[in-house]
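The file coords.cif contains mmCIF, C-alpha atoms:
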data_upload
#
loop_
_atom_site.group_PDB
_atom_site.id
_atom_site.type_symbol
_atom_site.label_atom_id
_atom_site.label_comp_id
_atom_site.auth_asym_id
_atom_site.auth_seq_id
_atom_site.Cartn_x
_atom_site.Cartn_y
_atom_site.Cartn_z
ATOM 1 C CA MET H 1 39.625 158.923 83.163
ATOM 2 C CA ASP H 2 36.659 156.874 81.980
ATOM 3 C CA ALA H 3 34.362 156.809 84.990
ATOM 4 C CA SER H 4 32.330 153.989 83.449
ATOM 5 C CA LEU H 5 35.178 151.540 83.854
ATOM 6 C CA PRO H 6 35.253 149.450 87.046
ATOM 7 C CA PRO H 7 37.875 150.190 89.704
ATOM 8 C CA PHE H 8 41.240 148.764 88.773
ATOM 9 C CA GLU H 9 44.463 148.439 90.706
ATOM 10 C CA VAL H 10 47.679 147.276 89.109
ATOM 11 C CA GLU H 11 49.467 144.709 91.213
ATOM 12 C CA LEU H 12 53.244 144.799 91.569
ATOM 13 C CA ASP H 13 54.771 141.554 92.817
ATOM 14 C CA GLY H 14 51.363 140.494 94.030
ATOM 15 C CA GLU H 15 50.716 143.681 96.026
ATOM 16 C CA PRO H 16 48.230 146.357 94.955
ATOM 17 C CA ALA H 17 49.947 149.571 93.933
ATOM 18 C CA HIS H 18 48.330 152.499 95.742
ATOM 19 C CA ARG H 19 48.574 155.700 93.704
ATOM 20 C CA GLY H 20 48.318 159.371 94.497
ATOM 21 C CA ALA H 21 45.454 161.659 93.521
ATOM 22 C CA HIS H 22 47.387 162.685 90.395
ATOM 23 C CA HIS H 23 47.383 159.126 89.032
ATOM 24 C CA VAL H 24 45.771 158.686 85.593
ATOM 25 C CA GLN H 25 44.468 155.158 85.767
ATOM 26 C CA SER H 26 43.404 154.942 82.151
ATOM 27 C CA LEU H 27 46.967 155.677 80.996
ATOM 28 C CA GLU H 28 48.263 152.915 83.252
ATOM 29 C CA ARG H 29 45.731 150.512 81.787
ATOM 30 C CA GLY H 30 46.664 151.389 78.225
ATOM 31 C CA LEU H 31 50.335 150.767 78.942
ATOM 32 C CA ALA H 32 49.455 147.489 80.648
ATOM 33 C CA VAL H 33 47.675 146.378 77.478
ATOM 34 C CA ILE H 34 50.723 147.191 75.337
ATOM 35 C CA LYS H 35 53.015 145.363 77.769
ATOM 36 C CA ALA H 36 50.823 142.272 77.606
ATOM 37 C CA PHE H 37 52.394 141.557 74.207
ATOM 38 C CA HIS H 38 55.910 140.097 74.139
ATOM 39 C CA ALA H 39 58.061 137.631 72.225
ATOM 40 C CA GLY H 40 56.176 134.650 73.611
ATOM 41 C CA ALA H 41 52.782 136.265 73.095
ATOM 42 C CA ALA H 42 52.968 138.270 69.887
ATOM 43 C CA GLU H 43 49.305 137.596 69.040
ATOM 44 C CA LEU H 44 46.631 137.662 71.726
ATOM 45 C CA THR H 45 42.872 137.321 71.820
ATOM 46 C CA LEU H 46 40.671 139.701 73.755
ATOM 47 C CA SER H 47 40.411 137.114 76.531
ATOM 48 C CA ASP H 48 44.206 136.739 76.616
ATOM 49 C CA VAL H 49 44.687 140.482 77.081
ATOM 50 C CA ALA H 50 42.008 140.694 79.762
ATOM 51 C CA ARG H 51 43.620 137.808 81.629
ATOM 52 C CA ALA H 52 47.129 139.229 81.348
ATOM 53 C CA THR H 53 46.158 142.722 82.531
ATOM 54 C CA GLY H 54 43.396 141.978 85.019
ATOM 55 C CA LEU H 55 40.977 144.109 83.014
ATOM 56 C CA THR H 56 37.418 143.079 82.294
ATOM 57 C CA ARG H 57 36.782 141.943 78.735
ATOM 58 C CA ALA H 58 34.772 145.106 78.073
ATOM 59 C CA ALA H 59 37.576 147.363 79.306
ATOM 60 C CA ALA H 60 40.261 145.386 77.473
ATOM 61 C CA ARG H 61 38.228 145.639 74.269
ATOM 62 C CA ARG H 62 37.941 149.424 74.557
ATOM 63 C CA PHE H 63 41.669 149.837 75.102
ATOM 64 C CA LEU H 64 42.566 147.473 72.268
ATOM 65 C CA LEU H 65 40.242 149.199 69.829
ATOM 66 C CA THR H 66 41.569 152.627 70.882
ATOM 67 C CA LEU H 67 45.136 151.432 70.325
ATOM 68 C CA THR H 68 44.029 150.061 66.962
ATOM 69 C CA ASP H 69 42.551 153.452 66.020
ATOM 70 C CA LEU H 70 45.863 155.078 66.994
ATOM 71 C CA GLY H 71 47.859 152.626 64.895
ATOM 72 C CA TYR H 72 49.688 150.830 67.701
ATOM 73 C CA VAL H 73 47.694 147.594 67.421
ATOM 74 C CA ARG H 74 46.273 145.622 64.501
ATOM 75 C CA THR H 75 43.578 142.962 64.530
ATOM 76 C CA ASP H 76 42.067 140.388 62.199
ATOM 77 C CA GLY H 77 38.871 140.358 64.213
ATOM 78 C CA LYS H 78 40.030 137.664 66.637
ATOM 79 C CA TYR H 79 43.730 138.137 67.310
ATOM 80 C CA PHE H 80 45.455 141.375 68.226
ATOM 81 C CA SER H 81 49.138 142.228 67.734
ATOM 82 C CA LEU H 82 51.377 145.264 68.035
ATOM 83 C CA THR H 83 52.444 147.270 65.010
ATOM 84 C CA ALA H 84 55.851 148.791 64.321
ATOM 85 C CA ARG H 85 54.474 152.132 65.469
ATOM 86 C CA VAL H 86 55.130 151.165 69.096
ATOM 87 C CA LEU H 87 58.814 151.703 68.257
ATOM 88 C CA GLU H 88 58.060 155.416 68.338
ATOM 89 C CA LEU H 89 57.767 155.090 72.111
ATOM 90 C CA GLY H 90 61.358 153.870 72.214
ATOM 91 C CA TYR H 91 62.482 156.621 69.852
ATOM 92 C CA SER H 92 61.031 159.169 72.261
ATOM 93 C CA TYR H 93 63.412 157.823 74.898
ATOM 94 C CA LEU H 94 66.376 157.916 72.527
ATOM 95 C CA SER H 95 65.588 161.495 71.593
ATOM 96 C CA SER H 96 65.863 162.493 75.250
ATOM 97 C CA MET H 97 69.298 160.933 75.633
ATOM 98 C CA THR H 98 72.371 163.133 75.580
ATOM 99 C CA LEU H 99 75.491 162.414 73.587
ATOM 100 C CA PRO H 100 77.409 160.961 76.565
ATOM 101 C CA GLU H 101 74.576 158.559 77.353
ATOM 102 C CA VAL H 102 74.393 157.425 73.748
ATOM 103 C CA ALA H 103 78.157 157.148 73.283
ATOM 104 C CA GLN H 104 79.206 155.480 76.538
ATOM 105 C CA PRO H 105 78.141 151.886 75.734
ATOM 106 C CA HIS H 106 79.754 152.176 72.306
ATOM 107 C CA LEU H 107 83.002 153.332 73.895
ATOM 108 C CA GLU H 108 82.900 150.432 76.333
ATOM 109 C CA HIS H 109 82.454 147.974 73.485
ATOM 110 C CA LEU H 110 85.206 149.607 71.419
ATOM 111 C CA SER H 111 87.735 149.647 74.247
ATOM 112 C CA ALA H 112 86.967 146.049 75.161
ATOM 113 C CA ASP H 113 87.486 145.087 71.521
ATOM 114 C CA VAL H 114 90.810 146.848 70.858
ATOM 115 C CA HIS H 115 92.135 147.151 74.437
ATOM 116 C CA GLU H 116 92.822 150.875 74.133
ATOM 117 C CA SER H 117 91.302 153.917 75.833
ATOM 118 C CA SER H 118 88.478 155.658 73.977
ATOM 119 C CA SER H 119 86.802 159.038 74.356
ATOM 120 C CA VAL H 120 84.228 161.388 72.888
ATOM 121 C CA SER H 121 84.672 165.155 72.910
ATOM 122 C CA VAL H 122 83.062 168.316 71.578
ATOM 123 C CA LEU H 123 84.596 171.615 70.475
ATOM 124 C CA GLU H 124 84.269 174.515 72.880
ATOM 125 C CA GLY H 125 86.059 177.658 71.818
ATOM 126 C CA THR H 126 89.601 176.673 70.903
ATOM 127 C CA ASP H 127 89.578 173.548 73.080
ATOM 128 C CA ILE H 128 88.132 170.087 72.970
ATOM 129 C CA VAL H 129 86.144 169.035 76.041
ATOM 130 C CA TYR H 130 85.793 165.371 76.983
ATOM 131 C CA VAL H 131 82.163 164.331 77.469
ATOM 132 C CA ALA H 132 82.548 160.527 77.657
ATOM 133 C CA ARG H 133 85.509 158.248 78.266
ATOM 134 C CA VAL H 134 86.596 154.670 78.877
ATOM 135 C CA ALA H 135 90.161 154.398 80.178
ATOM 136 C CA VAL H 136 91.918 151.091 79.690
ATOM 137 C CA SER H 137 95.303 152.292 80.921
ATOM 138 C CA ARG H 138 96.874 155.609 81.850
ATOM 139 C CA ILE H 139 99.065 156.775 79.000
ATOM 140 C CA MET H 140 99.368 160.489 79.765
ATOM 141 C CA THR H 141 101.134 162.249 82.605
ATOM 142 C CA VAL H 142 97.843 163.977 83.452
ATOM 143 C CA SER H 143 94.578 162.231 84.229
ATOM 144 C CA ILE H 144 91.822 162.543 81.650
ATOM 145 C CA ASN H 145 88.248 162.719 82.900
ATOM 146 C CA VAL H 146 84.928 163.995 81.656
ATOM 147 C CA GLY H 147 85.354 167.763 81.512
ATOM 148 C CA THR H 148 89.083 167.662 80.732
ATOM 149 C CA ARG H 149 90.122 170.213 78.112
ATOM 150 C CA PHE H 150 92.982 170.177 75.608
ATOM 151 C CA PRO H 151 93.870 172.603 72.798
ATOM 152 C CA ALA H 152 92.190 171.495 69.593
ATOM 153 C CA HIS H 153 95.216 172.097 67.364
ATOM 154 C CA ALA H 154 97.270 169.377 69.114
ATOM 155 C CA THR H 155 94.681 166.584 69.342
ATOM 156 C CA SER H 156 93.196 164.111 66.896
ATOM 157 C CA MET H 157 89.667 164.897 68.048
ATOM 158 C CA GLY H 158 90.427 168.587 67.710
ATOM 159 C CA HIS H 159 91.517 168.115 64.099
ATOM 160 C CA VAL H 160 88.330 166.205 63.322
ATOM 161 C CA LEU H 161 86.168 168.832 65.003
ATOM 162 C CA LEU H 162 87.938 171.686 63.242
ATOM 163 C CA THR H 163 87.190 170.092 59.868
ATOM 164 C CA GLY H 164 83.522 170.500 60.717
ATOM 165 C CA LEU H 165 83.844 174.275 60.802
ATOM 166 C CA SER H 166 82.932 176.460 57.882
ATOM 167 C CA ALA H 167 85.731 178.357 56.150
ATOM 168 C CA ALA H 168 84.747 181.527 58.003
ATOM 169 C CA GLU H 169 84.564 179.725 61.344
ATOM 170 C CA LEU H 170 87.990 178.174 60.797
ATOM 171 C CA GLU H 171 89.508 181.553 60.018
ATOM 172 C CA ALA H 172 87.920 182.975 63.162
ATOM 173 C CA TYR H 173 89.394 180.070 65.141
ATOM 174 C CA LEU H 174 92.869 180.699 63.737
ATOM 175 C CA VAL H 175 92.638 184.357 64.715
ATOM 176 C CA VAL H 176 92.049 183.606 68.396
ATOM 177 C CA ALA H 177 93.708 180.202 68.903
ATOM 178 C CA ARG H 178 97.132 179.992 70.500
ATOM 179 C CA LEU H 179 98.938 177.288 68.536
ATOM 180 C CA ASP H 180 101.368 176.552 71.329
ATOM 181 C CA ARG H 181 104.192 174.066 70.806
ATOM 182 C CA LEU H 182 103.516 171.282 73.324
ATOM 183 C CA THR H 183 106.090 168.836 71.909
ATOM 184 C CA ASP H 184 108.655 168.937 69.114
ATOM 185 C CA ARG H 185 105.972 167.468 66.823
ATOM 186 C CA THR H 186 103.159 169.950 67.488
ATOM 187 C CA VAL H 187 101.845 171.755 64.428
ATOM 188 C CA THR H 188 102.045 175.458 65.272
ATOM 189 C CA SER H 189 101.775 177.020 61.815
ATOM 190 C CA PRO H 190 98.293 178.071 60.635
ATOM 191 C CA GLU H 191 99.265 177.125 57.081
ATOM 192 C CA ARG H 192 100.403 173.633 58.097
ATOM 193 C CA LEU H 193 97.282 173.175 60.218
ATOM 194 C CA ARG H 194 95.051 174.147 57.288
ATOM 195 C CA THR H 195 96.870 171.608 55.104
ATOM 196 C CA GLU H 196 96.457 168.888 57.724
ATOM 197 C CA LEU H 197 92.759 169.666 58.200
ATOM 198 C CA ALA H 198 92.184 169.445 54.449
ATOM 199 C CA ARG H 199 93.774 165.986 54.482
ATOM 200 C CA VAL H 200 91.680 164.935 57.453
ATOM 201 C CA GLY H 201 88.540 166.110 55.735
ATOM 202 C CA GLU H 202 89.334 164.045 52.660
ATOM 203 C CA GLN H 203 90.188 160.807 54.436
ATOM 204 C CA GLY H 204 87.478 161.050 57.106
ATOM 205 C CA TRP H 205 89.670 160.578 60.179
ATOM 206 C CA ALA H 206 92.682 162.127 61.885
ATOM 207 C CA MET H 207 95.862 160.828 63.472
ATOM 208 C CA VAL H 208 97.982 162.893 65.833
ATOM 209 C CA ASP H 209 101.392 161.445 66.571
ATOM 210 C CA GLN H 210 102.872 162.780 69.827
ATOM 211 C CA GLU H 211 101.788 166.383 69.243
ATOM 212 C CA LEU H 212 99.983 166.732 72.581
ATOM 213 C CA GLU H 213 102.436 164.725 74.665
ATOM 214 C CA GLU H 214 105.503 162.625 73.943
ATOM 215 C CA GLY H 215 104.590 158.969 73.607
ATOM 216 C CA LEU H 216 100.893 159.595 72.946
ATOM 217 C CA ARG H 217 99.494 158.559 69.582
ATOM 218 C CA SER H 218 95.779 158.955 68.892
ATOM 219 C CA VAL H 219 93.298 158.594 66.073
ATOM 220 C CA ALA H 220 89.842 160.182 65.821
ATOM 221 C CA ALA H 221 86.735 160.107 63.653
ATOM 222 C CA PRO H 222 83.860 162.581 63.341
ATOM 223 C CA ILE H 223 80.363 162.034 64.688
ATOM 224 C CA HIS H 224 77.687 163.669 62.533
ATOM 225 C CA ASP H 225 74.101 164.533 63.355
ATOM 226 C CA ARG H 226 71.264 163.646 60.993
ATOM 227 C CA ARG H 227 71.950 166.813 58.964
ATOM 228 C CA GLY H 228 75.538 165.756 58.367
ATOM 229 C CA THR H 229 77.016 168.347 60.710
ATOM 230 C CA VAL H 230 80.055 167.323 62.759
ATOM 231 C CA VAL H 231 78.852 167.552 66.366
ATOM 232 C CA ALA H 232 81.494 165.503 68.183
ATOM 233 C CA ALA H 233 84.528 163.303 67.737
ATOM 234 C CA VAL H 234 85.413 159.825 68.995
ATOM 235 C CA ASN H 235 88.989 158.650 69.445
ATOM 236 C CA LEU H 236 91.337 155.889 70.485
ATOM 237 C CA SER H 237 94.590 156.645 72.262
ATOM 238 C CA THR H 238 97.613 154.409 72.517
ATOM 239 C CA HIS H 239 101.232 154.616 73.580
ATOM 240 C CA ALA H 240 103.761 155.028 70.800
ATOM 241 C CA SER H 241 106.029 152.423 72.384
ATOM 242 C CA ARG H 242 103.616 149.613 71.569
ATOM 243 C CA THR H 243 102.184 150.763 68.249
ATOM 244 C CA THR H 244 103.262 152.316 64.978
ATOM 245 C CA ALA H 245 101.383 154.768 62.825
ATOM 246 C CA GLU H 246 100.889 151.948 60.323
ATOM 247 C CA SER H 247 99.482 149.530 62.914
ATOM 248 C CA VAL H 248 97.138 152.199 64.261
ATOM 249 C CA GLU H 249 95.761 152.836 60.773
ATOM 250 C CA ARG H 250 95.452 149.118 60.075
ATOM 251 C CA ASP H 251 94.095 147.877 63.408
ATOM 252 C CA LEU H 252 92.384 150.814 65.104
ATOM 253 C CA VAL H 253 90.913 152.990 62.376
ATOM 254 C CA PRO H 254 88.364 150.428 61.048
ATOM 255 C CA PRO H 255 86.733 149.696 64.446
ATOM 256 C CA LEU H 256 86.893 153.401 65.305
ATOM 257 C CA LEU H 257 85.009 154.357 62.133
ATOM 258 C CA ALA H 258 82.460 151.614 62.798
ATOM 259 C CA THR H 259 81.903 152.981 66.300
ATOM 260 C CA ALA H 260 81.427 156.513 64.972
ATOM 261 C CA ARG H 261 78.777 155.242 62.566
ATOM 262 C CA ALA H 262 77.050 153.296 65.346
ATOM 263 C CA ILE H 263 76.890 156.385 67.559
ATOM 264 C CA GLU H 264 75.551 158.406 64.639
ATOM 265 C CA SER H 265 72.877 155.782 64.045
ATOM 266 C CA ASP H 266 71.695 156.035 67.645
ATOM 267 C CA LEU H 267 71.773 159.826 67.570
ATOM 268 C CA SER H 268 69.782 159.893 64.318
ATOM 269 C CA ALA H 269 66.967 158.099 66.103
ATOM 270 C CA GLY H 270 66.698 161.067 68.445
ATOM 271 C CA ALA H 271 65.700 164.672 67.995
ATOM 272 C CA PRO H 272 67.904 166.993 65.929
ATOM 273 C CA GLY H 273 69.955 169.451 67.890
ATOM 274 C CA ARG H 274 70.210 167.353 71.033
ATOM 275 C CA ALA H 275 73.619 165.853 70.278
ATOM 276 C CA HIS H 276 75.553 168.052 72.686
ATOM 277 C CA GLY H 277 73.286 167.226 75.587
#
Starting from the coordinates I provided, produce the structure as structure tokens.
Amino acid sequence: MDASLPPFEVELDGEPAHRGAHHVQSLERGLAVIKAFHAGAAELTLSDVARATGLTRAAARRFLLTLTDLGYVRTDGKYFSLTARVLELGYSYLSSMTLPEVAQPHLEHLSADVHESSSVSVLEGTDIVYVARVAVSRIMTVSINVGTRFPAHATSMGHVLLTGLSAAELEAYLVVARLDRLTDRTVTSPERLRTELARVGEQGWAMVDQELEEGLRSVAAPIHDRRGTVVAAVNLSTHASRTTAESVERDLVPPLLATARAIESDLSAGAPGRAHG
């Protein structure tokens, strides 16, 4: 802390904020200077900043010039304004967010748009595990919540996630996975599953038609990290009685793919390797 600066107390709702012994007052002042700028005050003079923060002109000048040296503020000698570098402060927050936190608002928007339930899952062993979900209606006999697991071979998200495996990883999966027949439509042959995964990889999305449960039709798309690795999958689920495979491809796949790209965009603003949370 700069001992030469006069005592300063930030006021919250008109009341002085009393801080503990750990409080770094100079950091608080610097943040107050940054927050003085906003849409209605994009350019401020030294006097404007001092008035907005309660700092003396001398103190405000030191903070502004320090922020200028650091690249967060620019000046023409009279007016000061923020630079795009302040966005890095927001990126630091995004980089600390986990996949569920990033995905949840996108799922809410997607489900509100298409009126179907949406989810995000990751691959864990031979299962998919739900990490985020928005349920519009119950379409399965079992409840699906965060933490619910289903076998990857019988789910659209599982097919998408399996396409993200290397050839060696896929072979290792097929050695240990139990390709149980859950309905008359479930793919239980390793050869047929390999063929389906190759098709999914080429088209960029997967549809599973009543392989997990009768009446359940779902479509999924991959979520990649900034290195292009498949780290998760996002899906939409619907009841077969009110949709066809053709209508799902026509009406649900485009917004689903757009949502996957939007989630990827938010994840790319964060730190690599944090996608699984």
Name the residues that the PyMOL selection byres ((chain H and resi 117-133) around 6) picks from the file above, as a PyMOL selection string, using the file's chain letters and numbers. chain H and resi 100+107+111+116+134-136+146-152+158+177+232-237
Apply the PyMOL selection byres ((chain H and resi 241-244) around 12) to the displayed file and report the matching residues as JSON, numbers by chain. {"H": [116, 139, 207, 208, 209, 210, 214, 215, 216, 217, 218, 219, 237, 238, 239, 240, 245, 246, 247, 248, 249, 250, 251, 252]}
Give me the result of the PyMOL selection byres ((chain H and resi 43) around 10) on this file, residue by residue, as an MDAnalysis selection string. chainID H and resid 36:42 44:45 48:49 74:75 78:82
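The coordinates place atom CA of His23 of chain H at 18.1 Å from atom CA of Gly54 of chain H.
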Separation of atom CA of Thr83 of chain H and atom CA of Phe63 of chain H, in Å?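 These atoms are spaced 15.0 Å apart.
Comparing H:Val24, H:Leu179, H:Ala154, H:Leu70 by their smallest distance to Glu213 of chain H, the closest is H:Ala154 (using only C-alpha atoms).
We find atom CA of Leu182 of chain H and atom CA of Ser156 of chain H to be spaced 14.1 Å apart.
Look at Ala260 of chain H: the protein and nucleic acid residues within 9 Å of it, using all atoms listed in the file and passing over chain neighbours fewer than 4 places away, are H:Ala103, H:His106, H:Ala221, H:Pro222, H:Ile223, H:His224, H:Ala233, H:Val234, H:Pro255, H:Leu256, H:Glu264, H:Ser265.
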Could you save those same residues with C-alpha atoms as a PDB file, in the coordinates of the input?
ATOM      1  CA  ALA H 103      78.157 157.148  73.283  1.00  0.00           C
ATOM      2  CA  HIS H 106      79.754 152.176  72.306  1.00  0.00           C
ATOM      3  CA  ALA H 221      86.735 160.107  63.653  1.00  0.00           C
ATOM      4  CA  PRO H 222      83.860 162.581  63.341  1.00  0.00           C
ATOM      5  CA  ILE H 223      80.363 162.034  64.688  1.00  0.00           C
ATOM      6  CA  HIS H 224      77.687 163.669  62.533  1.00  0.00           C
ATOM      7  CA  ALA H 233      84.528 163.303  67.737  1.00  0.00           C
ATOM      8  CA  VAL H 234      85.413 159.825  68.995  1.00  0.00           C
ATOM      9  CA  PRO H 255      86.733 149.696  64.446  1.00  0.00           C
ATOM     10  CA  LEU H 256      86.893 153.401  65.305  1.00  0.00           C
ATOM     11  CA  GLU H 264      75.551 158.406  64.639  1.00  0.00           C
ATOM     12  CA  SER H 265      72.877 155.782  64.045  1.00  0.00           C
TER      13      SER H 265
END
Edge lengths and centre in Å, axis-aligned, segment 201-209 of chain H plus 5 Å each side, as JSON:
{"center_x": 94.4, "center_y": 163.3, "center_z": 59.6, "size_x": 23.9, "size_y": 15.5, "size_z": 23.9}
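You can rank H:Val86, H:Val160, H:Leu212, H:Glu202 by their closest distance to Asp184 of chain H using all atoms listed in the file, and at the top of that list sits H:Leu212.
Here the question is which of H:Leu89, H:Ala32, H:Ala58, H:Leu65 gets nearest to Ala269 of chain H using all atoms listed in the file, and that residue is H:Leu89.
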Measuring between all atoms listed in the file, which one of H:Pro254, H:Pro190, H:Gly164, H:Gly30 shows the shortest distance to Asp225 of chain H?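 Using all atoms listed in the file, Asp225 of chain H sits closest to H:Gly164.
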Mind completing segment 120-137 of chain H with N, CA, C and O atoms? Output as a tab-separated table (two decimals), in the frame of the given file, please?
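Result written to part.tsv:
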chain	number	residue	atom	x	y	z
H	120	VAL	N	85.02	160.53	73.76
H	120	VAL	CA	84.23	161.39	72.89
H	120	VAL	C	84.38	162.81	73.41
H	120	VAL	O	84.36	163.05	74.62
H	121	SER	N	84.55	163.75	72.50
H	121	SER	CA	84.67	165.16	72.91
H	121	SER	C	83.90	166.05	71.96
H	121	SER	O	83.52	165.64	70.86
H	122	VAL	N	83.69	167.28	72.40
H	122	VAL	CA	83.06	168.32	71.58
H	122	VAL	C	83.99	169.52	71.56
H	122	VAL	O	84.90	169.64	72.40
H	123	LEU	N	83.78	170.40	70.61
H	123	LEU	CA	84.60	171.62	70.47
H	123	LEU	C	83.96	172.74	71.27
H	123	LEU	O	82.76	173.02	71.12
H	124	GLU	N	84.75	173.37	72.12
H	124	GLU	CA	84.27	174.52	72.88
H	124	GLU	C	85.33	175.60	72.81
H	124	GLU	O	86.39	175.48	73.42
H	125	GLY	N	85.06	176.62	72.04
H	125	GLY	CA	86.06	177.66	71.82
H	125	GLY	C	87.22	177.09	71.03
H	125	GLY	O	87.03	176.54	69.94
H	126	THR	N	88.42	177.20	71.59
H	126	THR	CA	89.60	176.67	70.90
H	126	THR	C	90.05	175.35	71.51
H	126	THR	O	91.11	174.83	71.15
H	127	ASP	N	89.24	174.80	72.41
H	127	ASP	CA	89.58	173.55	73.08
H	127	ASP	C	88.60	172.44	72.72
H	127	ASP	O	87.46	172.69	72.30
H	128	ILE	N	89.05	171.21	72.95
H	128	ILE	CA	88.13	170.09	72.97
H	128	ILE	C	87.80	169.82	74.44
H	128	ILE	O	88.62	170.05	75.33
H	129	VAL	N	86.58	169.37	74.68
H	129	VAL	CA	86.14	169.04	76.04
H	129	VAL	C	85.65	167.59	76.03
H	129	VAL	O	84.78	167.23	75.23
H	130	TYR	N	86.19	166.78	76.90
H	130	TYR	CA	85.79	165.37	76.98
H	130	TYR	C	84.41	165.26	77.61
H	130	TYR	O	84.14	165.84	78.67
H	131	VAL	N	83.52	164.51	76.95
H	131	VAL	CA	82.16	164.33	77.47
H	131	VAL	C	81.87	162.87	77.79
H	131	VAL	O	80.88	162.56	78.45
H	132	ALA	N	82.70	161.95	77.33
H	132	ALA	CA	82.55	160.53	77.66
H	132	ALA	C	83.92	159.88	77.51
H	132	ALA	O	84.70	160.27	76.63
H	133	ARG	N	84.19	158.87	78.33
H	133	ARG	CA	85.51	158.25	78.27
H	133	ARG	C	85.50	156.86	78.89
H	133	ARG	O	84.79	156.61	79.88
H	134	VAL	N	86.29	155.97	78.30
H	134	VAL	CA	86.60	154.67	78.88
H	134	VAL	C	88.11	154.54	78.88
H	134	VAL	O	88.73	154.53	77.82
H	135	ALA	N	88.70	154.48	80.05
H	135	ALA	CA	90.16	154.40	80.18
H	135	ALA	C	90.59	152.96	80.43
H	135	ALA	O	90.17	152.35	81.41
H	136	VAL	N	91.39	152.44	79.53
H	136	VAL	CA	91.92	151.09	79.69
H	136	VAL	C	93.22	151.14	80.48
H	136	VAL	O	93.49	150.30	81.33
H	137	SER	N	94.05	152.11	80.19
H	137	SER	CA	95.30	152.29	80.92
H	137	SER	C	95.65	153.77	80.88
H	137	SER	O	95.21	154.51	80.00
